[in-house]
>>> print(open('start_29.cif').read())   # mmCIF, C-alpha atoms
data_model
#
loop_
_atom_site.label_atom_id
_atom_site.label_comp_id
_atom_site.auth_asym_id
_atom_site.auth_seq_id
_atom_site.Cartn_x
_atom_site.Cartn_y
_atom_site.Cartn_z
CA MET A 87 0.00 0.00 0.00
CA MET A 88 1.20 3.50 -0.81
CA SER A 89 0.04 6.88 0.44
CA ASN A 90 0.79 10.20 -1.24
CA GLU A 91 1.64 13.10 1.06
CA ILE A 92 -1.65 14.09 2.71
CA ASP A 93 -2.91 16.80 5.02
CA ASP A 94 -3.32 16.30 8.78
CA HIS A 95 -7.07 15.71 8.62
CA HIS A 96 -6.84 12.89 6.10
CA LEU A 97 -3.82 11.42 7.85
CA ASN A 98 -5.84 11.12 11.08
CA LEU A 99 -8.59 9.38 9.12
CA PHE A 100 -6.19 7.16 7.22
CA ILE A 101 -4.51 5.74 10.30
CA PRO A 102 -7.50 4.12 12.09
CA THR A 103 -9.55 3.22 9.01
CA ILE A 104 -6.80 1.74 6.87
CA LEU A 105 -3.43 1.28 8.56
CA ASN A 106 -4.75 -0.16 11.81
CA SER A 107 -7.53 -2.21 10.27
CA TYR A 108 -6.00 -4.21 7.41
CA ARG A 109 -3.32 -6.86 7.08
CA ILE A 110 -0.66 -4.84 5.28
CA GLY A 111 2.70 -6.39 4.47
CA VAL A 112 4.26 -3.58 2.44
CA LEU A 113 3.72 0.09 3.28
CA ILE A 114 5.02 3.16 1.41
CA VAL A 115 4.19 6.49 3.02
CA MET A 116 5.00 10.14 2.21
CA ILE A 117 4.60 12.51 5.16
CA THR A 118 5.94 15.83 6.36
CA TYR A 119 8.30 16.32 9.27
CA GLU A 120 5.50 17.75 11.40
CA GLN A 121 3.31 14.67 10.74
CA LEU A 122 5.91 12.11 11.78
CA GLN A 123 4.98 12.10 15.47
CA THR A 124 1.27 11.69 14.65
CA PHE A 125 2.05 8.85 12.29
CA LEU A 126 4.35 6.92 14.61
CA SER A 127 2.17 7.46 17.69
CA GLY A 128 -1.12 6.53 16.07
CA VAL A 129 -0.23 3.54 13.93
CA ARG A 130 -0.02 -0.04 15.17
CA ASN A 131 0.27 -2.83 12.63
CA GLU A 132 2.19 -5.99 13.41
CA MET A 133 1.80 -7.33 9.88
CA VAL A 134 3.94 -4.70 8.17
CA GLU A 135 7.31 -6.20 7.23
CA HIS A 136 8.49 -3.72 4.59
CA LEU A 137 8.28 0.03 5.19
CA THR A 138 9.35 2.84 2.86
CA LEU A 139 9.09 6.25 4.48
CA TYR A 140 9.47 9.39 2.40
CA TYR A 141 10.14 12.20 4.84
CA GLY A 142 8.68 15.31 3.22
CA SER A 143 9.23 19.02 3.51
CA TRP A 144 10.16 20.92 6.66
CA ASP A 145 10.03 24.71 6.86
CA GLY A 146 12.77 24.89 9.50
CA THR A 147 10.52 26.08 12.32
CA TYR A 148 11.15 24.91 15.86
CA ILE A 149 9.48 21.62 16.82
CA PRO A 150 8.70 21.20 20.54
CA GLU A 151 10.69 18.47 22.25
CA GLU A 152 7.55 16.52 23.16
CA LEU A 153 6.89 15.97 19.47
CA HIS A 154 10.21 14.15 19.18
CA GLN A 155 9.10 11.41 21.57
CA VAL A 156 7.15 8.32 20.54
CA PRO A 157 5.99 5.69 23.07
CA HIS A 158 6.63 2.79 20.70
CA PHE A 159 7.64 1.94 17.17
CA PRO A 160 4.44 0.81 15.43
CA PHE A 161 5.86 -2.00 13.28
CA PRO A 162 7.45 -4.58 15.61
CA ASN A 163 7.97 -7.19 12.88
CA LEU A 164 9.64 -4.96 10.33
CA LYS A 165 12.25 -6.71 8.16
CA SER A 166 13.14 -3.95 5.69
CA PHE A 167 13.17 -0.20 6.17
CA TYR A 168 13.82 2.41 3.45
CA PHE A 169 14.06 5.98 4.72
CA TYR A 170 14.25 8.96 2.36
CA SER A 171 14.80 12.53 3.51
CA ASP A 172 16.35 15.71 2.11
CA TYR A 173 17.69 16.62 5.53
CA HIS A 174 18.98 14.64 8.47
CA ARG A 175 16.57 14.25 11.38
CA LEU A 176 17.50 10.81 12.71
CA GLU A 177 18.70 12.42 15.90
CA LEU A 178 15.06 12.41 17.02
CA GLU A 179 13.93 10.12 19.80
CA TRP A 180 11.82 7.72 17.76
CA PRO A 181 14.65 5.47 16.48
CA ARG A 182 15.20 4.37 20.08
CA TYR A 183 11.88 2.54 19.96
CA PHE A 184 12.67 0.76 16.72
CA ASP A 185 13.14 -3.00 17.03
CA TRP A 186 16.34 -2.94 14.98
CA ASN A 187 17.23 -6.52 15.93
CA ARG A 188 14.63 -7.94 13.52
CA LEU A 189 15.71 -5.78 10.61
CA CYS A 190 17.38 -7.52 7.67
CA HIS A 191 17.48 -4.73 5.06
CA LEU A 192 18.14 -1.04 5.72
CA CYS A 193 18.37 1.82 3.24
CA LEU A 194 19.08 5.41 4.35
CA VAL A 195 18.84 8.13 1.70
CA MET A 196 19.76 11.40 3.37
CA PRO A 197 22.74 13.56 4.29
CA ILE A 198 24.22 11.57 7.17
CA ARG A 199 27.59 11.18 8.86
CA PRO A 200 29.34 7.85 9.53
CA SER A 201 29.10 8.39 13.29
CA LYS A 202 25.29 8.57 13.09
CA VAL A 203 25.13 5.43 10.94
CA TRP A 204 27.34 3.74 13.51
CA GLU A 205 24.92 4.65 16.32
CA ILE A 206 22.04 3.07 14.40
CA LEU A 207 23.90 -0.08 13.43
CA ARG A 208 24.84 -0.88 17.00
CA GLN A 209 21.22 -1.99 17.34
CA ALA A 210 20.87 -3.70 13.95
CA MET A 211 22.94 -6.82 14.34
CA ALA A 212 20.82 -8.98 12.00
CA LEU A 213 21.29 -6.82 8.89
CA GLU A 214 21.88 -8.68 5.64
CA SER A 215 22.01 -5.65 3.34
CA LEU A 216 22.79 -1.99 4.00
CA LYS A 217 22.55 1.03 1.68
CA VAL A 218 23.70 4.48 2.78
CA PHE A 219 23.16 7.17 0.13
CA GLY A 220 24.25 10.67 1.13
CA LEU A 221 27.27 9.97 3.33
CA LYS A 222 29.14 13.09 4.36
CA PRO A 223 32.46 13.20 6.24
CA ASP A 224 32.85 13.22 10.00
CA VAL A 225 35.12 16.08 11.02
CA ASP A 226 37.10 13.95 13.47
CA GLY A 227 36.75 10.70 11.56
CA HIS A 228 35.23 9.00 14.64
CA HIS A 229 38.27 6.71 14.72
CA GLY A 230 38.08 6.09 18.45
CA ALA A 231 34.74 4.28 18.32
CA GLU A 232 34.52 0.54 18.80
CA ALA A 233 33.60 -1.13 15.53
CA VAL A 234 30.17 -2.72 15.09
CA THR A 235 30.20 -6.33 13.87
CA LEU A 236 27.46 -7.28 11.40
CA PRO A 237 27.91 -11.05 11.01
CA ASP A 238 25.08 -11.54 8.49
CA LEU A 239 25.82 -8.58 6.23
CA THR A 240 26.46 -9.73 2.66
CA SER A 241 25.72 -6.56 0.66
CA LEU A 242 26.90 -2.99 1.35
CA SER A 243 26.33 0.07 -0.87
CA ILE A 244 27.69 3.51 -0.01
CA GLN A 245 27.05 6.68 -1.98
CA VAL A 246 28.98 9.69 -0.74
CA LEU A 247 28.41 13.39 -1.22
CA ASN A 248 31.07 15.46 -2.99
CA TYR A 249 34.52 14.64 -1.60
CA GLY A 250 33.03 12.05 0.73
CA GLU A 251 35.18 9.46 2.49
CA PRO A 252 33.61 5.98 2.43
CA CYS A 253 36.46 4.47 4.44
CA GLN A 254 35.30 6.48 7.45
CA LEU A 255 32.19 4.29 7.53
CA LEU A 256 33.99 1.08 6.54
CA HIS A 257 36.37 1.65 9.46
CA LEU A 258 33.46 1.65 11.93
CA LEU A 259 32.09 -1.73 10.82
CA ARG A 260 33.17 -5.36 10.73
CA TYR A 261 31.56 -7.60 8.11
CA PRO A 262 33.20 -11.05 7.95
CA ASN A 263 30.68 -12.42 5.42
CA LEU A 264 30.44 -9.46 3.02
CA GLU A 265 30.11 -10.59 -0.60
CA TYR A 266 29.18 -7.38 -2.46
CA LEU A 267 30.54 -3.85 -1.97
CA ARG A 268 29.51 -0.83 -4.04
CA ILE A 269 30.90 2.69 -3.65
CA LYS A 270 29.63 5.64 -5.65
CA GLY A 271 29.96 9.40 -5.65
CA PRO A 272 31.62 12.49 -7.11
CA ASN A 273 35.27 12.95 -6.13
CA VAL A 274 35.38 10.03 -3.72
CA VAL A 275 38.29 10.42 -1.30
CA TRP A 276 39.85 6.98 -0.98
CA ASP A 277 42.01 5.90 1.95
CA GLY A 278 43.98 2.89 0.79
CA GLY A 279 45.72 2.58 4.14
CA ILE A 280 42.51 2.12 6.10
CA PHE A 281 41.16 -0.30 3.51
CA SER A 282 44.31 -2.43 3.62
CA SER A 283 44.16 -2.45 7.41
CA LEU A 284 40.56 -3.66 7.31
CA ALA A 285 41.50 -6.35 4.81
CA ARG A 286 44.22 -7.63 7.13
CA GLN A 287 41.54 -8.04 9.79
CA SER A 288 39.72 -10.54 7.54
CA ASN A 289 36.85 -8.22 6.66
CA PHE A 290 36.89 -9.02 2.95
CA ASN A 291 37.79 -12.69 2.79
CA LYS A 292 34.42 -13.54 1.21
CA LEU A 293 34.06 -10.47 -0.99
CA GLN A 294 33.13 -11.56 -4.51
CA ARG A 295 32.28 -8.29 -6.26
CA PHE A 296 33.55 -4.73 -5.76
CA VAL A 297 32.03 -1.88 -7.80
CA PHE A 298 33.24 1.74 -7.96
CA GLU A 299 31.03 4.27 -9.74
CA GLY A 300 31.59 8.00 -10.21
CA THR A 301 34.99 9.64 -9.80
CA ILE A 302 37.68 8.91 -7.29
CA THR A 303 40.89 10.58 -6.11
CA MET A 304 43.57 8.54 -7.85
CA ASP A 305 46.54 9.53 -5.67
CA ASN A 306 45.80 6.81 -3.12
CA PHE A 307 43.95 4.34 -5.33
CA HIS A 308 45.94 1.51 -6.91
CA VAL A 309 44.33 -1.52 -8.54
CA ASP A 310 47.23 -3.86 -7.82
CA ARG A 311 47.14 -2.97 -4.12
CA LEU A 312 43.37 -3.42 -4.08
CA LEU A 313 43.63 -6.89 -5.60
CA ASN A 314 46.31 -7.85 -3.11
CA ASP A 315 43.94 -6.80 -0.33
CA LEU A 316 41.09 -8.85 -1.85
CA PRO A 317 42.53 -12.27 -2.74
CA ASN A 318 39.14 -13.94 -3.32
CA LEU A 319 37.57 -11.18 -5.44
CA ARG A 320 35.92 -12.37 -8.65
CA LYS A 321 34.64 -9.13 -10.22
CA LEU A 322 36.11 -5.62 -9.95
CA SER A 323 34.67 -2.51 -11.61
CA VAL A 324 36.57 0.78 -11.32
CA PRO A 325 35.82 4.28 -12.68
CA ASP A 326 36.72 5.44 -16.14
CA GLY A 327 40.22 6.88 -16.17
CA THR A 328 41.66 4.42 -13.66
CA LYS A 329 45.20 3.52 -14.71
CA ILE A 330 45.96 -0.18 -15.12
CA SER A 331 49.59 -0.89 -15.86
CA GLN A 332 50.80 -3.60 -18.23
CA SER A 333 52.64 -5.23 -15.35
CA THR A 334 49.35 -5.52 -13.44
CA LEU A 335 47.72 -7.22 -16.44
CA MET A 336 50.68 -9.57 -16.73
CA LYS A 337 50.36 -10.52 -13.07
CA LEU A 338 46.69 -11.25 -13.67
CA THR A 339 47.41 -13.56 -16.57
CA ASP A 340 50.24 -15.47 -14.89
CA GLY A 341 48.38 -15.91 -11.59
CA GLY A 342 50.54 -13.57 -9.56
CA LEU A 343 47.59 -11.32 -8.80
CA GLY A 344 43.85 -11.82 -8.47
CA LYS A 345 43.89 -15.61 -8.67
CA HIS A 346 40.09 -15.78 -8.50
CA LEU A 347 39.36 -12.66 -10.54
CA THR A 348 37.23 -13.34 -13.61
CA ILE A 349 36.43 -9.76 -14.71
CA LEU A 350 38.20 -6.42 -14.39
CA ALA A 351 36.18 -3.56 -15.88
CA VAL A 352 37.20 0.08 -16.27
CA GLY A 353 34.33 2.50 -16.83
CA GLY A 354 32.06 -0.35 -17.92
CA VAL A 355 34.62 -1.72 -20.43
CA ARG A 356 36.00 -5.17 -19.66
CA LEU A 357 39.74 -4.75 -19.64
CA TYR A 358 40.42 -8.24 -18.42
CA SER A 359 38.42 -11.45 -18.39
CA ARG A 360 39.69 -14.90 -17.52
CA ARG A 361 37.88 -16.24 -20.58
CA PHE A 362 40.40 -14.37 -22.74
CA GLU A 363 43.41 -15.26 -20.62
CA SER A 364 44.90 -17.70 -23.11
CA THR A 365 44.59 -15.14 -25.90
CA MET A 366 46.29 -12.47 -23.80
CA ASN A 367 49.08 -14.85 -22.88
CA SER A 368 49.77 -15.66 -26.50
CA LEU A 369 49.83 -11.96 -27.40
CA TYR A 370 52.32 -11.12 -24.69
CA LYS A 371 54.52 -14.14 -25.50
CA GLY A 372 54.46 -13.29 -29.19
#
>>> encode(input="start_29.cif", output="structure tokens")
Amino acid sequence: MMSNEIDDHHLNLFIPTILNSYRIGVLIVMITYEQLQTFLSGVRNEMVEHLTLYYGSWDGTYIPEELHQVPHFPFPNLKSFYFYSDYHRLELEWPRYFDWNRLCHLCLVMPIRPSKVWEILRQAMALESLKVFGLKPDVDGHHGAEAVTLPDLTSLSIQVLNYGEPCQLLHLLRYPNLEYLRIKGPNVVWDGGIFSSLARQSNFNKLQRFVFEGTITMDNFHVDRLLNDLPNLRKLSVPDGTKISQSTLMKLTDGGLGKHLTILAVGGVRLYSRRFESTMNSLYKG
């Protein structure tokens, strides 16, 4: 079920007549900031497992503290939560009442710092997939925080704002069973040192596919170092303009690098594929 953004009167009618009366498994709602407290306080539906919440406009006026507090989170059996907002308001009280332990899939689309994501994930230990779109840098990097282990996480997608630093978030997490990692954004600031350190802690032993999209600062980004950090990687996609040396390609073909790699793509163009390995070998030997 989906609801377009509605006024307060119709929202108050919609909650008891529809949301609290029917067996709804999937719910997509568009509401304003001012309506959030009414929505979360009035709804109670234990059947909802998939919630998409579009957090609408806010005129910037002061909201009394009592409107930040919600006695319960109305969807106790939620398995997936997609939250969209043009501005960051997750510092409100209501996330404290969320039963994060049941959640398997989480998507946050908003300007948000790694430290705030870290606070949320401390309660979401059962996550299998995580998407964070709108990551902006922490001023202090939040390096002193104890990392959160997500043992069931297999898929992680991070989209950063301009000059964002995805390794600030990666540094705050541990994901021993991660299989898919996607990083996207304009002018991504890459910290190869942090990534290598995380790899040495066995965070990427099961990583099968790594996708970069957008643009990335090349000074600290080296494909050969990345492949050394990810010995079991099968597919690697890097942005257009990434330099791949002939020596790196030779190491790929003779097994000295990326022993399990089947595809290396640059800007969507397959530069290397194990299917063509014999052809490449003959060309180099000739």
>>> resolve_selection(input="start_29.cif", expression="the PyMOL selection byres ((chain A and resi 199) around 7)", output="VMD selection string")
chain A and resid 198 200 to 203 221 to 224
>>> axis_aligned_box(input="start_29.cif", around="segment 322-332 of chain A", padding_each_side="6 Å", output="JSON")
{"center_x": 42.7, "center_y": 0.6, "center_z": -14.1, "size_x": 28.1, "size_y": 24.5, "size_z": 20.3}
>>> residues_near_point(input="start_29.cif", point="(26.2, 5.3, 1.0)", cutoff="6 Å", atoms="only C-alpha atoms", output="VMD selection string")
chain A and resid 217 to 221 243 to 246
>>> resolve_selection(input="start_29.cif", expression="the PyMOL selection byres ((chain A and resi 311) around 12)", output="PyMOL selection string")
chain A and resi 277-279+281-283+285+306-310+312-317+330+334+343-344
>>> resolve_selection(input="start_29.cif", expression="the PyMOL selection byres ((chain A and resi 288) around 10)", output="list of chain:residue names")
A:Arg260, A:Tyr261, A:Pro262, A:Asn263, A:Ser283, A:Leu284, A:Ala285, A:Arg286, A:Gln287, A:Asn289, A:Phe290, A:Asn291, A:Lys292, A:Asp315, A:Leu316
>>> closest_residue(input="start_29.cif", among="A:Trp204, A:Tyr266, A:Phe159, A:Trp276", to="Ser127 of chain A", atoms="all atoms listed in the file")
A:Phe159
>>> atom_distance(input="start_29.cif", atom1="atom CA of Ile302 of chain A", atom2="atom CA of Val324 of chain A")
9.1 Å
>>> atom_distance(input="start_29.cif", atom1="atom CA of Val297 of chain A", atom2="atom CA of Asn273 of chain A")
15.3 Å
>>> residues_near_point(input="start_29.cif", point="(35.1, 3.9, 6.3)", cutoff="9 Å", atoms="all atoms listed in the file", output="JSON, numbers by chain")
{"A": [200, 227, 251, 252, 253, 254, 255, 256, 257, 258, 259, 277, 280, 281]}
>>> closest_residue(input="start_29.cif", among="A:Asn163, A:Thr118, A:Gln123, A:Asn318", to="Leu293 of chain A", atoms="only C-alpha atoms")
A:Asn318
>>> closest_residue(input="start_29.cif", among="A:Arg130, A:Arg109, A:His346, A:Arg356", to="Phe161 of chain A", atoms="only C-alpha atoms")
A:Arg130
>>> atom_distance(input="start_29.cif", atom1="atom CA of Cys193 of chain A", atom2="atom CA of Phe169 of chain A")
6.2 Å
>>> closest_residue(input="start_29.cif", among="A:Val112, A:Glu132, A:Leu239, A:Val355", to="Leu216 of chain A", atoms="all atoms listed in the file")
A:Leu239
>>> residues_around(input="start_29.cif", residues="Leu338 of chain A", least_positions_apart="3", cutoff="9 Å", atoms="only C-alpha atoms", output="PyMOL selection string")
chain A and resi 333-335+341-345+347+358+360+363
>>> closest_residue(input="start_29.cif", among="A:Phe167, A:Pro162, A:Glu205, A:Glu214", to="Cys190 of chain A", atoms="only C-alpha atoms")
A:Glu214
>>> closest_residue(input="start_29.cif", among="A:Lys270, A:Arg188, A:Arg208, A:Arg295", to="Ser241 of chain A", atoms="all atoms listed in the file")
A:Arg295
>>> residues_around(input="start_29.cif", residues="Val274 of chain A", least_positions_apart="4", cutoff="7 Å", atoms="all atoms listed in the file", output="PDB file with C-alpha atoms, in the frame of the given file")
ATOM      1  CA  ASN A 248      31.070  15.460  -2.990  1.00  0.00           C
ATOM      2  CA  TYR A 249      34.520  14.640  -1.600  1.00  0.00           C
ATOM      3  CA  GLY A 250      33.030  12.050   0.730  1.00  0.00           C
ATOM      4  CA  GLU A 251      35.180   9.460   2.490  1.00  0.00           C
ATOM      5  CA  THR A 301      34.990   9.640  -9.800  1.00  0.00           C
ATOM      6  CA  ILE A 302      37.680   8.910  -7.290  1.00  0.00           C
ATOM      7  CA  THR A 303      40.890  10.580  -6.110  1.00  0.00           C
TER       8      THR A 303
END
>>> residues_around(input="start_29.cif", residues="Gly111 of chain A", least_positions_apart="4", cutoff="6 Å", atoms="only C-alpha atoms", output="list in words")
Met133, Val134 and Glu135 of chain A
>>> build_atoms(input="start_29.cif", residues="segment 121-132 of chain A", atoms="all heavy atoms", output="PDB file, in the coordinates of the input")
ATOM      1  N   GLN A 121       4.271  15.770  10.608  1.00  0.00           N
ATOM      2  CA  GLN A 121       3.310  14.670  10.740  1.00  0.00           C
ATOM      3  C   GLN A 121       3.937  13.386  11.273  1.00  0.00           C
ATOM      4  O   GLN A 121       3.220  12.443  11.590  1.00  0.00           O
ATOM      5  CB  GLN A 121       2.679  14.382   9.375  1.00  0.00           C
ATOM      6  CG  GLN A 121       1.771  15.480   8.859  1.00  0.00           C
ATOM      7  CD  GLN A 121       1.327  15.197   7.430  1.00  0.00           C
ATOM      8  OE1 GLN A 121       2.045  14.590   6.643  1.00  0.00           O
ATOM      9  NE2 GLN A 121       0.129  15.647   7.092  1.00  0.00           N
ATOM     10  N   LEU A 122       5.245  13.358  11.396  1.00  0.00           N
ATOM     11  CA  LEU A 122       5.910  12.110  11.780  1.00  0.00           C
ATOM     12  C   LEU A 122       5.463  11.615  13.141  1.00  0.00           C
ATOM     13  O   LEU A 122       5.194  10.432  13.329  1.00  0.00           O
ATOM     14  CB  LEU A 122       7.420  12.314  11.764  1.00  0.00           C
ATOM     15  CG  LEU A 122       8.244  11.074  12.127  1.00  0.00           C
ATOM     16  CD1 LEU A 122       8.027   9.972  11.105  1.00  0.00           C
ATOM     17  CD2 LEU A 122       9.721  11.418  12.223  1.00  0.00           C
ATOM     18  N   GLN A 123       5.367  12.515  14.131  1.00  0.00           N
ATOM     19  CA  GLN A 123       4.980  12.100  15.470  1.00  0.00           C
ATOM     20  C   GLN A 123       3.563  11.545  15.483  1.00  0.00           C
ATOM     21  O   GLN A 123       3.286  10.532  16.127  1.00  0.00           O
ATOM     22  CB  GLN A 123       5.119  13.278  16.445  1.00  0.00           C
ATOM     23  CG  GLN A 123       5.049  12.890  17.912  1.00  0.00           C
ATOM     24  CD  GLN A 123       3.632  12.974  18.474  1.00  0.00           C
ATOM     25  OE1 GLN A 123       2.737  13.480  17.791  1.00  0.00           O
ATOM     26  NE2 GLN A 123       3.441  12.470  19.671  1.00  0.00           N
ATOM     27  N   THR A 124       2.649  12.188  14.747  1.00  0.00           N
ATOM     28  CA  THR A 124       1.270  11.690  14.650  1.00  0.00           C
ATOM     29  C   THR A 124       1.245  10.305  14.040  1.00  0.00           C
ATOM     30  O   THR A 124       0.548   9.400  14.519  1.00  0.00           O
ATOM     31  CB  THR A 124       0.420  12.654  13.808  1.00  0.00           C
ATOM     32  OG1 THR A 124       0.402  13.933  14.433  1.00  0.00           O
ATOM     33  CG2 THR A 124      -1.004  12.139  13.668  1.00  0.00           C
ATOM     34  N   PHE A 125       2.015  10.138  12.990  1.00  0.00           N
ATOM     35  CA  PHE A 125       2.050   8.850  12.290  1.00  0.00           C
ATOM     36  C   PHE A 125       2.585   7.743  13.187  1.00  0.00           C
ATOM     37  O   PHE A 125       1.967   6.693  13.352  1.00  0.00           O
ATOM     38  CB  PHE A 125       2.907   8.983  11.031  1.00  0.00           C
ATOM     39  CG  PHE A 125       3.116   7.692  10.292  1.00  0.00           C
ATOM     40  CD1 PHE A 125       2.087   7.128   9.551  1.00  0.00           C
ATOM     41  CD2 PHE A 125       4.343   7.049  10.340  1.00  0.00           C
ATOM     42  CE1 PHE A 125       2.289   5.936   8.867  1.00  0.00           C
ATOM     43  CE2 PHE A 125       4.548   5.862   9.666  1.00  0.00           C
ATOM     44  CZ  PHE A 125       3.515   5.307   8.922  1.00  0.00           C
ATOM     45  N   LEU A 126       3.722   7.969  13.816  1.00  0.00           N
ATOM     46  CA  LEU A 126       4.350   6.920  14.610  1.00  0.00           C
ATOM     47  C   LEU A 126       3.586   6.638  15.904  1.00  0.00           C
ATOM     48  O   LEU A 126       3.611   5.519  16.415  1.00  0.00           O
ATOM     49  CB  LEU A 126       5.790   7.305  14.932  1.00  0.00           C
ATOM     50  CG  LEU A 126       6.745   7.354  13.735  1.00  0.00           C
ATOM     51  CD1 LEU A 126       8.128   7.796  14.175  1.00  0.00           C
ATOM     52  CD2 LEU A 126       6.822   6.002  13.047  1.00  0.00           C
ATOM     53  N   SER A 127       2.915   7.653  16.450  1.00  0.00           N
ATOM     54  CA  SER A 127       2.170   7.460  17.690  1.00  0.00           C
ATOM     55  C   SER A 127       0.829   6.781  17.473  1.00  0.00           C
ATOM     56  O   SER A 127       0.340   6.066  18.337  1.00  0.00           O
ATOM     57  CB  SER A 127       1.942   8.813  18.385  1.00  0.00           C
ATOM     58  OG  SER A 127       3.164   9.391  18.757  1.00  0.00           O
ATOM     59  N   GLY A 128       0.234   7.023  16.296  1.00  0.00           N
ATOM     60  CA  GLY A 128      -1.120   6.530  16.070  1.00  0.00           C
ATOM     61  C   GLY A 128      -1.213   5.176  15.416  1.00  0.00           C
ATOM     62  O   GLY A 128      -2.210   4.471  15.561  1.00  0.00           O
ATOM     63  N   VAL A 129      -0.171   4.784  14.685  1.00  0.00           N
ATOM     64  CA  VAL A 129      -0.230   3.540  13.930  1.00  0.00           C
ATOM     65  C   VAL A 129       0.192   2.356  14.799  1.00  0.00           C
ATOM     66  O   VAL A 129       1.073   2.471  15.648  1.00  0.00           O
ATOM     67  CB  VAL A 129       0.689   3.625  12.689  1.00  0.00           C
ATOM     68  CG1 VAL A 129       0.735   2.294  11.948  1.00  0.00           C
ATOM     69  CG2 VAL A 129       0.204   4.718  11.756  1.00  0.00           C
ATOM     70  N   ARG A 130      -0.454   1.222  14.571  1.00  0.00           N
ATOM     71  CA  ARG A 130      -0.020  -0.040  15.170  1.00  0.00           C
ATOM     72  C   ARG A 130      -0.430  -1.167  14.239  1.00  0.00           C
ATOM     73  O   ARG A 130      -1.597  -1.484  14.107  1.00  0.00           O
ATOM     74  CB  ARG A 130      -0.657  -0.246  16.559  1.00  0.00           C
ATOM     75  CG  ARG A 130      -0.175  -1.515  17.263  1.00  0.00           C
ATOM     76  CD  ARG A 130       1.279  -1.401  17.687  1.00  0.00           C
ATOM     77  NE  ARG A 130       1.747  -2.581  18.400  1.00  0.00           N
ATOM     78  CZ  ARG A 130       2.978  -2.732  18.882  1.00  0.00           C
ATOM     79  NH1 ARG A 130       3.847  -1.753  18.724  1.00  0.00           N
ATOM     80  NH2 ARG A 130       3.335  -3.827  19.510  1.00  0.00           N
ATOM     81  N   ASN A 131       0.569  -1.748  13.554  1.00  0.00           N
ATOM     82  CA  ASN A 131       0.270  -2.830  12.630  1.00  0.00           C
ATOM     83  C   ASN A 131       1.417  -3.820  12.660  1.00  0.00           C
ATOM     84  O   ASN A 131       2.501  -3.559  12.168  1.00  0.00           O
ATOM     85  CB  ASN A 131       0.072  -2.276  11.207  1.00  0.00           C
ATOM     86  CG  ASN A 131      -0.541  -3.301  10.274  1.00  0.00           C
ATOM     87  OD1 ASN A 131      -0.124  -4.451  10.251  1.00  0.00           O
ATOM     88  ND2 ASN A 131      -1.538  -2.875   9.504  1.00  0.00           N
ATOM     89  N   GLU A 132       1.154  -4.986  13.244  1.00  0.00           N
ATOM     90  CA  GLU A 132       2.190  -5.990  13.410  1.00  0.00           C
ATOM     91  C   GLU A 132       2.455  -6.796  12.153  1.00  0.00           C
ATOM     92  O   GLU A 132       3.385  -7.601  12.116  1.00  0.00           O
ATOM     93  CB  GLU A 132       1.822  -6.925  14.570  1.00  0.00           C
ATOM     94  CG  GLU A 132       1.744  -6.212  15.914  1.00  0.00           C
ATOM     95  CD  GLU A 132       1.491  -7.168  17.062  1.00  0.00           C
ATOM     96  OE1 GLU A 132       1.361  -8.388  16.804  1.00  0.00           O
ATOM     97  OE2 GLU A 132       1.444  -6.700  18.214  1.00  0.00           O
TER      98      GLU A 132
END
